[in-house]
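Source file: final_21.cif (mmCIF, C-alpha atoms and all ligand atoms)
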```
data_data
loop_
_atom_site.label_atom_id
_atom_site.label_comp_id
_atom_site.auth_asym_id
_atom_site.auth_seq_id
_atom_site.Cartn_x
_atom_site.Cartn_y
_atom_site.Cartn_z
CA MET A 1 -21.26 3.16 21.69
CA SER A 2 -22.44 6.20 19.77
CA LEU A 3 -20.28 7.11 16.86
CA ASN A 4 -21.36 10.39 15.37
CA ILE A 5 -20.23 9.73 11.81
CA PRO A 6 -22.50 10.42 8.82
CA ASN A 7 -23.06 7.59 6.30
CA LEU A 8 -21.76 4.93 8.66
CA GLU A 9 -22.44 1.42 7.35
CA ARG A 10 -22.60 -1.84 9.27
CA ASN A 11 -21.49 -5.34 8.37
CA LYS A 12 -19.78 -4.26 5.19
CA PHE A 13 -17.84 -6.89 3.25
CA LEU A 14 -14.28 -5.74 2.69
CA ALA A 15 -13.18 -8.04 -0.15
CA PRO A 16 -14.17 -5.56 -2.91
CA PHE A 17 -12.03 -2.86 -1.29
CA THR A 18 -8.82 -4.87 -1.43
CA THR A 19 -6.67 -5.88 -4.40
CA TYR A 20 -6.77 -9.47 -3.06
CA LYS A 21 -10.58 -9.52 -3.35
CA ILE A 22 -10.56 -11.45 -0.06
CA GLY A 23 -11.95 -10.67 3.38
CA GLY A 24 -14.99 -10.78 5.64
CA PRO A 25 -17.11 -7.91 6.95
CA ALA A 26 -16.21 -4.87 9.01
CA ASP A 27 -18.60 -4.16 11.88
CA LEU A 28 -18.47 -0.49 10.90
CA PHE A 29 -17.42 1.12 7.64
CA VAL A 30 -17.30 4.63 6.28
CA GLU A 31 -16.00 6.25 3.13
CA VAL A 32 -14.54 9.71 3.65
CA HIS A 33 -14.21 12.17 0.77
CA THR A 34 -12.52 15.15 2.43
CA ILE A 35 -9.76 15.65 4.99
CA ASP A 36 -12.34 17.09 7.40
CA GLU A 37 -14.43 13.92 7.12
CA LEU A 38 -11.29 11.81 7.58
CA THR A 39 -10.13 13.59 10.74
CA HIS A 40 -13.68 13.64 12.12
CA ALA A 41 -13.98 9.87 11.73
CA VAL A 42 -10.58 9.34 13.38
CA PHE A 43 -11.45 11.64 16.31
CA GLU A 44 -14.79 9.87 16.78
CA ALA A 45 -13.20 6.41 16.79
CA ARG A 46 -10.51 7.56 19.21
CA ARG A 47 -13.08 9.25 21.48
CA GLU A 48 -15.19 6.10 21.64
CA LYS A 49 -12.06 3.91 21.88
CA ILE A 50 -13.17 1.87 18.91
CA PRO A 51 -10.39 0.08 17.01
CA PHE A 52 -10.11 1.57 13.55
CA PHE A 53 -8.13 0.94 10.41
CA LEU A 54 -7.44 3.49 7.68
CA LEU A 55 -7.83 1.87 4.27
CA GLY A 56 -6.32 3.13 1.03
CA CYS A 57 -6.44 0.91 -2.06
CA GLY A 58 -6.15 -2.16 0.18
CA ALA A 59 -3.12 -3.24 -1.87
CA ASN A 60 -0.85 -4.28 0.98
CA ILE A 61 -3.25 -6.03 3.32
CA LEU A 62 -4.97 -9.36 3.80
CA VAL A 63 -8.35 -9.14 5.54
CA THR A 64 -9.27 -12.29 7.47
CA ASP A 65 -12.40 -14.30 6.66
CA LYS A 66 -14.09 -13.30 9.92
CA GLY A 67 -13.52 -9.65 9.10
CA PHE A 68 -12.68 -6.63 11.23
CA ARG A 69 -14.16 -5.87 14.64
CA GLY A 70 -14.16 -2.11 14.61
CA LEU A 71 -14.34 0.75 12.12
CA ILE A 72 -12.82 0.76 8.64
CA ILE A 73 -12.26 4.28 7.29
CA ARG A 74 -11.84 4.15 3.52
CA ASN A 75 -9.92 7.21 2.44
CA LEU A 76 -11.26 8.78 -0.74
CA ALA A 77 -10.01 12.33 0.03
CA ASN A 78 -8.12 12.77 -3.22
CA LYS A 79 -7.83 16.45 -4.05
CA VAL A 80 -4.69 17.37 -5.99
CA THR A 81 -3.37 20.92 -6.33
CA ILE A 82 -0.60 21.98 -8.67
CA LEU A 83 1.65 24.47 -6.86
CA ASP A 84 4.45 26.76 -8.06
CA ASP A 85 8.07 25.60 -8.30
CA ASN A 86 7.20 22.13 -9.66
CA LYS A 87 5.37 21.07 -6.53
CA ILE A 88 2.18 19.08 -6.22
CA LEU A 89 0.02 18.97 -3.10
CA ALA A 90 -2.05 15.79 -2.78
CA GLU A 91 -4.55 14.63 -0.20
CA SER A 92 -3.71 11.26 1.27
CA GLY A 93 -6.48 9.39 -0.54
CA ALA A 94 -5.17 10.51 -3.95
CA ILE A 95 -4.22 7.58 -6.17
CA ILE A 96 -0.60 7.42 -7.32
CA THR A 97 -1.67 6.46 -10.86
CA ASP A 98 -3.68 9.70 -11.07
CA LEU A 99 -0.68 11.68 -9.85
CA ILE A 100 1.47 10.03 -12.53
CA GLU A 101 -1.11 11.03 -15.13
CA GLN A 102 -1.28 14.66 -13.98
CA SER A 103 2.43 15.19 -13.49
CA LYS A 104 3.51 13.56 -16.75
CA ASN A 105 1.24 15.89 -18.68
CA LEU A 106 2.95 18.84 -16.98
CA GLY A 107 6.38 17.46 -17.82
CA LEU A 108 7.16 16.88 -14.14
CA SER A 109 9.26 13.89 -13.16
CA GLY A 110 9.12 11.86 -9.93
CA PHE A 111 5.98 9.74 -9.87
CA GLU A 112 6.64 7.82 -13.10
CA HIS A 113 8.80 5.26 -11.26
CA PHE A 114 5.71 3.93 -9.52
CA ALA A 115 3.68 3.23 -12.65
CA ASP A 116 1.16 0.41 -12.37
CA ILE A 117 1.47 0.04 -8.58
CA PRO A 118 -1.89 0.28 -6.80
CA SER A 119 -1.52 2.81 -3.98
CA THR A 120 -2.92 5.88 -2.34
CA VAL A 121 -0.57 8.61 -1.18
CA GLY A 122 -1.23 7.50 2.42
CA GLY A 123 -0.34 3.86 1.72
CA ALA A 124 2.77 4.98 -0.18
CA MET A 125 3.87 7.10 2.79
CA TRP A 126 3.23 4.25 5.23
CA GLN A 127 5.55 1.82 3.51
CA ASN A 128 7.89 4.11 1.52
CA LEU A 129 6.63 2.97 -1.87
CA HIS A 130 9.48 1.86 -4.10
CA PHE A 131 10.47 0.42 -7.40
CA LEU A 132 13.61 -0.09 -9.46
CA SER A 133 15.21 2.90 -11.20
CA PRO A 134 15.01 3.04 -15.01
CA ASP A 135 18.51 1.49 -15.32
CA ARG A 136 17.39 -1.16 -12.77
CA LYS A 137 20.56 -0.49 -10.75
CA ARG A 138 18.96 0.98 -7.65
CA THR A 139 15.65 1.32 -5.86
CA VAL A 140 13.71 4.60 -6.12
CA PHE A 141 11.65 5.47 -3.04
CA ILE A 142 8.69 7.83 -2.66
CA GLU A 143 10.62 9.58 0.14
CA GLU A 144 12.87 11.05 -2.58
CA ILE A 145 10.05 13.33 -3.75
CA VAL A 146 8.31 13.99 -0.41
CA GLN A 147 8.93 17.53 0.76
CA THR A 148 6.48 18.19 3.57
CA SER A 149 3.36 16.59 4.97
CA ARG A 150 0.46 17.56 7.18
CA ILE A 151 -0.36 14.85 9.67
CA LEU A 152 -2.73 14.17 12.52
CA THR A 153 -0.60 12.69 15.27
CA GLU A 154 -1.38 9.75 17.51
CA GLU A 155 -1.89 12.34 20.28
CA GLY A 156 -4.44 14.28 18.22
CA GLN A 157 -2.31 17.25 17.10
CA PHE A 158 -2.17 18.66 13.58
CA LEU A 159 1.47 19.00 12.54
CA ALA A 160 3.39 20.05 9.45
CA VAL A 161 6.44 17.82 9.16
CA GLY A 162 9.37 17.37 6.79
CA VAL A 163 10.38 14.10 5.18
CA ASP A 164 12.84 13.32 8.03
CA TYR A 165 9.91 12.88 10.40
CA PHE A 166 9.02 9.59 8.70
CA GLN A 167 12.39 7.89 9.41
CA TYR A 168 12.20 6.02 6.16
CA GLY A 169 13.90 2.71 5.44
CA TYR A 170 13.22 -0.11 3.00
CA ASP A 171 9.51 -0.87 3.51
CA THR A 172 9.56 0.93 6.87
CA SER A 173 8.49 4.26 8.31
CA ILE A 174 7.52 5.86 11.61
CA LEU A 175 3.88 5.33 10.57
CA GLN A 176 4.34 1.63 11.32
CA VAL A 177 5.34 2.51 14.88
CA ARG A 178 3.18 5.53 15.71
CA LYS A 179 -0.50 5.78 14.87
CA ASP A 180 -0.16 9.08 13.00
CA ILE A 181 -2.40 9.77 10.03
CA VAL A 182 -1.09 11.38 6.86
CA LEU A 183 -3.55 14.05 5.71
CA GLU A 184 -1.73 15.56 2.75
CA VAL A 185 1.69 15.62 1.18
CA THR A 186 3.62 18.18 -0.86
CA PHE A 187 5.78 16.50 -3.48
CA GLN A 188 8.78 18.21 -5.06
CA LEU A 189 9.08 17.14 -8.69
CA ARG A 190 11.60 18.04 -11.40
CA PRO A 191 10.93 19.24 -14.95
CA LYS A 192 11.85 16.69 -17.59
CA PRO A 193 11.01 16.22 -21.28
CA LYS A 194 7.62 14.48 -21.47
CA GLU A 195 8.96 11.77 -23.83
CA GLU A 196 11.49 10.71 -21.18
CA ILE A 197 8.77 10.44 -18.53
CA PHE A 198 6.47 8.52 -20.88
CA GLY A 199 9.40 6.21 -21.71
CA VAL A 200 9.95 5.31 -18.04
CA ILE A 201 6.24 4.65 -17.54
CA ASP A 202 6.06 2.37 -20.59
CA ALA A 203 9.23 0.51 -19.61
CA ASN A 204 8.02 -0.04 -16.04
CA ILE A 205 4.63 -1.30 -17.17
CA ALA A 206 6.30 -3.65 -19.67
CA TRP A 207 8.68 -4.91 -16.93
CA ARG A 208 5.73 -5.70 -14.65
CA ARG A 209 3.73 -7.39 -17.39
CA ALA A 210 6.73 -9.59 -18.18
CA LYS A 211 7.61 -10.53 -14.62
CA GLN A 212 4.50 -10.33 -12.46
CA PRO A 213 1.02 -11.87 -12.64
CA LEU A 214 -1.54 -9.39 -14.00
CA LEU A 215 -3.58 -7.99 -11.10
CA ALA A 216 -6.86 -7.91 -13.02
CA GLU A 217 -6.58 -11.63 -13.73
CA PHE A 218 -4.81 -12.80 -10.58
CA PRO A 219 -5.75 -10.69 -7.54
CA SER A 220 -2.87 -10.31 -5.09
CA CYS A 221 -1.25 -7.83 -2.77
CA GLY A 222 2.09 -7.82 -4.53
CA SER A 223 5.12 -9.33 -2.84
CA VAL A 224 4.16 -11.26 0.26
CA PHE A 225 7.60 -11.66 1.83
CA LYS A 226 10.21 -9.06 2.70
CA LYS A 227 13.25 -8.71 0.54
CA ILE A 228 16.33 -10.57 1.75
CA GLU A 229 19.27 -8.41 0.74
CA GLY A 230 21.41 -9.98 -1.96
CA ILE A 231 19.35 -13.17 -2.15
CA GLY A 232 15.73 -12.34 -2.95
CA ALA A 233 12.73 -13.93 -1.27
CA GLY A 234 11.22 -14.91 -4.63
CA ARG A 235 14.38 -16.75 -5.65
CA LEU A 236 14.42 -18.77 -2.40
CA ILE A 237 10.77 -19.76 -2.92
CA ASP A 238 11.50 -20.70 -6.53
CA GLN A 239 14.57 -22.72 -5.51
CA ALA A 240 12.43 -24.56 -2.94
CA GLY A 241 10.29 -25.70 -5.90
CA LEU A 242 7.17 -23.92 -4.67
CA LYS A 243 6.03 -22.09 -7.81
CA GLY A 244 2.50 -23.28 -8.57
CA LYS A 245 2.00 -24.73 -5.06
CA ARG A 246 -1.68 -24.40 -4.23
CA ILE A 247 -3.74 -24.50 -1.03
CA GLY A 248 -7.47 -24.03 -1.58
CA GLY A 249 -7.86 -21.05 -3.89
CA ALA A 250 -4.43 -19.58 -3.13
CA GLU A 251 -1.42 -20.25 -5.34
CA VAL A 252 2.27 -19.34 -5.37
CA SER A 253 2.35 -17.57 -8.72
CA PRO A 254 4.20 -19.58 -11.38
CA LYS A 255 5.24 -16.20 -12.84
CA HIS A 256 6.68 -14.61 -9.69
CA ALA A 257 7.32 -16.78 -6.64
CA ASN A 258 6.95 -13.92 -4.12
CA PHE A 259 3.33 -13.37 -5.23
CA ILE A 260 0.59 -15.51 -3.70
CA VAL A 261 -2.42 -15.04 -5.96
CA ASN A 262 -6.15 -15.54 -5.49
CA MET A 263 -7.25 -18.01 -8.15
CA GLY A 264 -10.85 -16.84 -7.84
CA ASN A 265 -12.29 -18.29 -4.67
CA ALA A 266 -9.44 -18.07 -2.16
CA LYS A 267 -10.20 -17.61 1.50
CA ALA A 268 -7.84 -15.63 3.71
CA ALA A 269 -7.28 -18.93 5.55
CA ASP A 270 -5.92 -20.45 2.30
CA VAL A 271 -3.46 -17.58 1.85
CA LEU A 272 -2.35 -17.74 5.49
CA GLU A 273 -1.85 -21.50 5.33
CA LEU A 274 0.14 -21.18 2.10
CA ILE A 275 2.29 -18.42 3.64
CA LYS A 276 3.09 -20.73 6.57
CA TYR A 277 3.83 -23.63 4.25
CA VAL A 278 6.20 -21.51 2.12
CA GLN A 279 7.99 -20.23 5.24
CA GLU A 280 8.46 -23.76 6.58
CA GLU A 281 9.65 -25.21 3.27
CA VAL A 282 12.09 -22.36 2.58
CA LYS A 283 13.46 -22.65 6.12
CA ARG A 284 13.85 -26.42 5.76
CA LYS A 285 15.49 -26.24 2.35
CA SER A 286 17.67 -23.13 2.62
CA GLY A 287 17.78 -22.19 6.30
CA HIS A 288 16.39 -18.69 5.56
CA ALA A 289 13.48 -17.29 7.60
CA LEU A 290 11.01 -15.43 5.37
CA GLU A 291 9.13 -12.57 7.02
CA THR A 292 5.84 -11.30 5.64
CA GLU A 293 5.64 -7.72 4.40
CA ILE A 294 1.85 -7.59 4.12
CA THR A 295 -0.41 -6.63 7.02
CA VAL A 296 -3.08 -9.09 8.13
CA ILE A 297 -6.09 -7.32 9.59
CA GLY A 298 -9.19 -8.72 11.23
CA GLU A 299 -10.27 -11.44 13.60
CA LEU A 300 -8.42 -14.74 13.17
C1 LIG A 401 0.19 -6.08 -8.03
C2 LIG A 401 0.88 -5.31 -6.92
C3 LIG A 401 2.18 -4.84 -7.12
C4 LIG A 401 2.82 -4.14 -6.11
N1 LIG A 401 4.07 -3.66 -6.34
C5 LIG A 401 4.69 -2.89 -5.42
C6 LIG A 401 5.97 -2.30 -5.69
O1 LIG A 401 6.54 -2.46 -6.76
N2 LIG A 401 6.53 -1.54 -4.73
C7 LIG A 401 5.93 -1.33 -3.53
O2 LIG A 401 6.48 -0.61 -2.70
N3 LIG A 401 4.71 -1.88 -3.23
C8 LIG A 401 4.09 -2.65 -4.15
N4 LIG A 401 2.85 -3.20 -3.88
C9 LIG A 401 2.25 -3.01 -2.55
C10 LIG A 401 1.26 -1.82 -2.46
O3 LIG A 401 0.94 -1.35 -3.73
C11 LIG A 401 1.87 -0.70 -1.63
O4 LIG A 401 2.17 -1.17 -0.34
C12 LIG A 401 0.96 0.52 -1.52
O5 LIG A 401 1.67 1.62 -1.02
C13 LIG A 401 -0.26 0.27 -0.63
O6 LIG A 401 -1.08 1.42 -0.65
P1 LIG A 401 -2.62 1.35 -0.27
O7 LIG A 401 -3.21 2.67 -0.49
O8 LIG A 401 -3.26 0.21 -0.96
O9 LIG A 401 -2.53 1.03 1.29
P2 LIG A 401 -3.39 -0.02 2.12
O10 LIG A 401 -3.00 -1.41 1.69
O11 LIG A 401 -4.84 0.31 2.04
O12 LIG A 401 -2.85 0.25 3.55
C14 LIG A 401 -1.51 -0.09 3.87
C15 LIG A 401 -1.13 0.57 5.19
O13 LIG A 401 -1.04 1.97 5.04
C16 LIG A 401 -1.78 2.60 6.06
N5 LIG A 401 -2.28 3.90 5.58
C17 LIG A 401 -3.05 4.11 4.48
N6 LIG A 401 -3.34 5.41 4.36
C18 LIG A 401 -2.73 6.03 5.40
C19 LIG A 401 -2.64 7.40 5.83
N7 LIG A 401 -3.27 8.37 5.17
N8 LIG A 401 -1.94 7.68 6.95
C20 LIG A 401 -1.32 6.69 7.64
N9 LIG A 401 -1.35 5.39 7.29
C21 LIG A 401 -2.05 5.08 6.17
C22 LIG A 401 -2.93 1.62 6.32
O14 LIG A 401 -3.59 1.90 7.55
C23 LIG A 401 -2.17 0.32 6.29
O15 LIG A 401 -1.53 0.08 7.51
C24 LIG A 401 2.18 -3.91 -4.88
C25 LIG A 401 0.87 -4.38 -4.69
C26 LIG A 401 0.22 -5.05 -5.70
C27 LIG A 401 -1.19 -5.53 -5.50
#
```
Taking this structure as input, can you express it in the form of structure tokens?
Amino acid sequence: MSLNIPNLERNKFLAPFTTYKIGGPADLFVEVHTIDELTHAVFEARREKIPFFLLGCGANILVTDKGFRGLIIRNLANKVTILDDNKILAESGAIITDLIEQSKNLGLSGFEHFADIPSTVGGAMWQNLHFLSPDRKRTVFIEEIVQTSRILTEEGQFLAVGVDYFQYGYDTSILQVRKDIVLEVTFQLRPKPKEEIFGVIDANIAWRRAKQPLLAEFPSCGSVFKKIEGIGAGRLIDQAGLKGKRIGGAEVSPKHANFIVNMGNAKAADVLELIKYVQEEVKRKSGHALETEITVIGEL
């Protein structure tokens, strides 16, 4: 195996690169800072047939304790360009919080709905990042502001695609089916008075602080289980009396039952065992089957 990738590291612990602060080492690890570096690393891994995983903020994944056998590409390509006609072009490693900051100062609306959610543009595109609208009556999705995107396809072609390409649904996209890589995205925003945008950001942050465990204190990867329409996974877990249930260092958050938090020394095995326990108890008590929305990566 001869991967021709500059600054390749070996045996790199992944925990610090995830919001869970959990996970063993990757055999191979590289941080890419430009789209050229990103595509080069992907081509190299594909050429050598080495399994690889593209990592954003690591906010929707659980890395196993044994770690990942293959190459982790951590995407730090984060250039942002302000275009005409209220558009913003962002590389896929750009952080949504930074895009909120830049666009709000220009009086451009669209990103503010995703305040306080850890995500790169690439991660947001993969899962159709979403949050409640300001009146809390509907869900706002990132797809609503995506205009076009440049991708590297599974087959190795560079393509410019429109939003329809991604076949978005709730927490789903074509990127979960095909191994395409998002390189950059053009977002179409709308002018709005800055005070209104600031108001939405403040309200969303306050909503999260009130309802969800603080990430800095309780590392997590957000909601663990998929939404069950009209019922709510968190409510089922709460009704099963599982808030505060603990296995090892992992705990069902007493603040939000769909969050399993790392109390400081959790192993991935603790989280996985607790997930299984919650699924079994909810099934036993309510008959509902909870499905996980997070991705587990690495050797089990
Ligand atoms: C406290 C907390 C609150 C959260 N709240 C919400 C919420 O309200 N709404 C919500 O939707 N999510 C929420 N999440 C989940 C998480 O923030 C999102 O899923 C986010 O989009 C993940 O982005 P990421 O950059 O961390 O992706 P990662 O977790 O690093 O990766 C996720 C997936 O995206 C893929 N990917 C990353 N970059 C690319 C790319 N360039 N091209 C193709 N695939 C790519 C990865 O390979 C992986 O499969 C929350 C998480 C936390 C920790």
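For the pair CA of Leu83 in chain A and CA of Gln167 in chain A, the separation is 25.6 Å.
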Any chance you could work out the axis-aligned box around range 217-224 of chain A, listed atoms only, 4 Å on each side, giving centre and edge lengths in Å to one decimal, as JSON?
```
{"center_x": -0.7, "center_y": -10.3, "center_z": -6.7, "size_x": 19.7, "size_y": 13.0, "size_z": 22.0}
```
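Across the model, the gap from CA of Asn60 in chain A to CA of Ala257 in chain A is 16.8 Å.
Residue nearest Glu195 in chain A within the list A:Asp171, A:Asp238, A:His130, A:Leu106: A:Leu106 [criterion: smallest interatomic distance, all atoms listed in the file].
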Mind checking which residues fall within 10 Å of Glu217 in chain A, counting all atoms listed in the file, ignoring those fewer than 4 positions away in the same chain, and posting them as a PyMOL selection string? chain A and resi 213+261-264
Contact residues around range 4-16 of chain A with all atoms listed in the file at 7 Å, ignoring same-chain residues under 4 positions, as a list in words: Lys21, Ile22, Gly23, Gly24, Pro25, Ala26, Asp27, Leu28, Phe29, Val30, Ala41 and Glu44 of chain A
Keeping C-alpha atoms (and nothing else), can you write range 120-216 of chain A of this structure as a PDB file, in the first residue's frame?
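And here's result_20.pdb as it stands now:
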```pdb
ATOM      1  CA  THR A 120     -19.788  21.523   8.170  1.00  0.00           C
ATOM      2  CA  VAL A 121     -21.474  22.276   4.869  1.00  0.00           C
ATOM      3  CA  GLY A 122     -20.683  18.701   3.764  1.00  0.00           C
ATOM      4  CA  GLY A 123     -22.282  17.137   6.855  1.00  0.00           C
ATOM      5  CA  ALA A 124     -25.307  19.422   6.453  1.00  0.00           C
ATOM      6  CA  MET A 125     -25.711  18.318   2.819  1.00  0.00           C
ATOM      7  CA  TRP A 126     -25.369  14.648   3.765  1.00  0.00           C
ATOM      8  CA  GLN A 127     -28.250  14.664   6.200  1.00  0.00           C
ATOM      9  CA  ASN A 128     -30.317  17.693   5.091  1.00  0.00           C
ATOM     10  CA  LEU A 129     -29.613  19.712   8.232  1.00  0.00           C
ATOM     11  CA  HIS A 130     -32.819  20.937   9.817  1.00  0.00           C
ATOM     12  CA  PHE A 131     -34.380  22.769  12.679  1.00  0.00           C
ATOM     13  CA  LEU A 132     -37.738  24.229  13.646  1.00  0.00           C
ATOM     14  CA  SER A 133     -38.930  27.441  11.985  1.00  0.00           C
ATOM     15  CA  PRO A 134     -39.079  30.588  14.144  1.00  0.00           C
ATOM     16  CA  ASP A 135     -42.816  30.031  14.824  1.00  0.00           C
ATOM     17  CA  ARG A 136     -41.958  26.370  15.640  1.00  0.00           C
ATOM     18  CA  LYS A 137     -44.736  25.235  13.289  1.00  0.00           C
ATOM     19  CA  ARG A 138     -42.606  23.564  10.647  1.00  0.00           C
ATOM     20  CA  THR A 139     -39.133  22.222  10.014  1.00  0.00           C
ATOM     21  CA  VAL A 140     -36.665  24.316   7.989  1.00  0.00           C
ATOM     22  CA  PHE A 141     -34.183  22.284   5.921  1.00  0.00           C
ATOM     23  CA  ILE A 142     -30.829  23.288   4.457  1.00  0.00           C
ATOM     24  CA  GLU A 143     -32.119  22.125   1.043  1.00  0.00           C
ATOM     25  CA  GLU A 144     -34.313  25.254   1.020  1.00  0.00           C
ATOM     26  CA  ILE A 145     -31.255  27.462   0.496  1.00  0.00           C
ATOM     27  CA  VAL A 146     -29.108  25.111  -1.617  1.00  0.00           C
ATOM     28  CA  GLN A 147     -28.957  26.278  -5.209  1.00  0.00           C
ATOM     29  CA  THR A 148     -26.162  24.329  -6.873  1.00  0.00           C
ATOM     30  CA  SER A 149     -23.266  22.163  -5.796  1.00  0.00           C
ATOM     31  CA  ARG A 150     -20.044  20.873  -7.263  1.00  0.00           C
ATOM     32  CA  ILE A 151     -19.490  17.240  -6.422  1.00  0.00           C
ATOM     33  CA  LEU A 152     -17.015  14.463  -7.068  1.00  0.00           C
ATOM     34  CA  THR A 153     -19.109  11.441  -7.945  1.00  0.00           C
ATOM     35  CA  GLU A 154     -18.662   7.872  -6.793  1.00  0.00           C
ATOM     36  CA  GLU A 155     -17.419   7.159 -10.335  1.00  0.00           C
ATOM     37  CA  GLY A 156     -14.769   9.887 -10.139  1.00  0.00           C
ATOM     38  CA  GLN A 157     -16.421  12.610 -12.243  1.00  0.00           C
ATOM     39  CA  PHE A 158     -16.649  16.281 -11.328  1.00  0.00           C
ATOM     40  CA  LEU A 159     -20.249  17.441 -11.731  1.00  0.00           C
ATOM     41  CA  ALA A 160     -22.231  20.602 -11.143  1.00  0.00           C
ATOM     42  CA  VAL A 161     -25.650  19.610  -9.839  1.00  0.00           C
ATOM     43  CA  GLY A 162     -28.830  21.345  -8.698  1.00  0.00           C
ATOM     44  CA  VAL A 163     -30.573  20.733  -5.406  1.00  0.00           C
ATOM     45  CA  ASP A 164     -32.843  18.052  -6.950  1.00  0.00           C
ATOM     46  CA  TYR A 165     -29.831  15.788  -7.398  1.00  0.00           C
ATOM     47  CA  PHE A 166     -29.723  15.192  -3.639  1.00  0.00           C
ATOM     48  CA  GLN A 167     -33.260  13.713  -3.411  1.00  0.00           C
ATOM     49  CA  TYR A 168     -33.732  15.217   0.000  1.00  0.00           C
ATOM     50  CA  GLY A 169     -36.065  13.894   2.676  1.00  0.00           C
ATOM     51  CA  TYR A 170     -36.151  14.164   6.455  1.00  0.00           C
ATOM     52  CA  ASP A 171     -32.608  13.189   7.508  1.00  0.00           C
ATOM     53  CA  THR A 172     -32.006  11.553   4.124  1.00  0.00           C
ATOM     54  CA  SER A 173     -30.209  12.328   0.883  1.00  0.00           C
ATOM     55  CA  ILE A 174     -28.648  10.593  -2.108  1.00  0.00           C
ATOM     56  CA  LEU A 175     -25.282  11.003  -0.340  1.00  0.00           C
ATOM     57  CA  GLN A 176     -26.336   8.226   2.039  1.00  0.00           C
ATOM     58  CA  VAL A 177     -26.811   5.911  -0.944  1.00  0.00           C
ATOM     59  CA  ARG A 178     -24.066   6.958  -3.356  1.00  0.00           C
ATOM     60  CA  LYS A 179     -20.499   7.678  -2.308  1.00  0.00           C
ATOM     61  CA  ASP A 180     -20.415  11.148  -3.878  1.00  0.00           C
ATOM     62  CA  ILE A 181     -18.385  13.877  -2.226  1.00  0.00           C
ATOM     63  CA  VAL A 182     -19.683  17.427  -1.905  1.00  0.00           C
ATOM     64  CA  LEU A 183     -16.903  19.851  -2.822  1.00  0.00           C
ATOM     65  CA  GLU A 184     -18.691  23.190  -2.650  1.00  0.00           C
ATOM     66  CA  VAL A 185     -22.177  24.591  -2.474  1.00  0.00           C
ATOM     67  CA  THR A 186     -23.804  27.807  -3.689  1.00  0.00           C
ATOM     68  CA  PHE A 187     -26.472  28.990  -1.283  1.00  0.00           C
ATOM     69  CA  GLN A 188     -29.251  31.362  -2.313  1.00  0.00           C
ATOM     70  CA  LEU A 189     -30.091  33.668   0.585  1.00  0.00           C
ATOM     71  CA  ARG A 190     -32.659  36.454   0.949  1.00  0.00           C
ATOM     72  CA  PRO A 191     -32.124  40.007   2.214  1.00  0.00           C
ATOM     73  CA  LYS A 192     -33.753  40.655   5.582  1.00  0.00           C
ATOM     74  CA  PRO A 193     -33.369  43.315   8.277  1.00  0.00           C
ATOM     75  CA  LYS A 194     -30.392  42.344  10.450  1.00  0.00           C
ATOM     76  CA  GLU A 195     -32.425  42.679  13.675  1.00  0.00           C
ATOM     77  CA  GLU A 196     -34.839  39.994  12.448  1.00  0.00           C
ATOM     78  CA  ILE A 197     -31.970  37.621  11.660  1.00  0.00           C
ATOM     79  CA  PHE A 198     -30.297  38.307  15.019  1.00  0.00           C
ATOM     80  CA  GLY A 199     -33.663  37.693  16.720  1.00  0.00           C
ATOM     81  CA  VAL A 200     -34.010  34.224  15.163  1.00  0.00           C
ATOM     82  CA  ILE A 201     -30.451  33.317  16.149  1.00  0.00           C
ATOM     83  CA  ASP A 202     -30.982  34.420  19.759  1.00  0.00           C
ATOM     84  CA  ALA A 203     -34.335  32.622  20.000  1.00  0.00           C
ATOM     85  CA  ASN A 204     -32.902  29.388  18.586  1.00  0.00           C
ATOM     86  CA  ILE A 205     -29.928  29.446  20.932  1.00  0.00           C
ATOM     87  CA  ALA A 206     -32.233  30.121  23.895  1.00  0.00           C
ATOM     88  CA  TRP A 207     -34.521  27.240  22.799  1.00  0.00           C
ATOM     89  CA  ARG A 208     -31.562  24.854  22.689  1.00  0.00           C
ATOM     90  CA  ARG A 209     -30.171  25.993  26.029  1.00  0.00           C
ATOM     91  CA  ALA A 210     -33.587  25.424  27.601  1.00  0.00           C
ATOM     92  CA  LYS A 211     -34.279  22.023  26.080  1.00  0.00           C
ATOM     93  CA  GLN A 212     -30.986  20.305  25.295  1.00  0.00           C
ATOM     94  CA  PRO A 213     -27.882  19.436  27.323  1.00  0.00           C
ATOM     95  CA  LEU A 214     -25.055  21.916  26.692  1.00  0.00           C
ATOM     96  CA  LEU A 215     -22.526  20.357  24.312  1.00  0.00           C
ATOM     97  CA  ALA A 216     -19.480  21.851  26.046  1.00  0.00           C
TER      98      ALA A 216
END
```
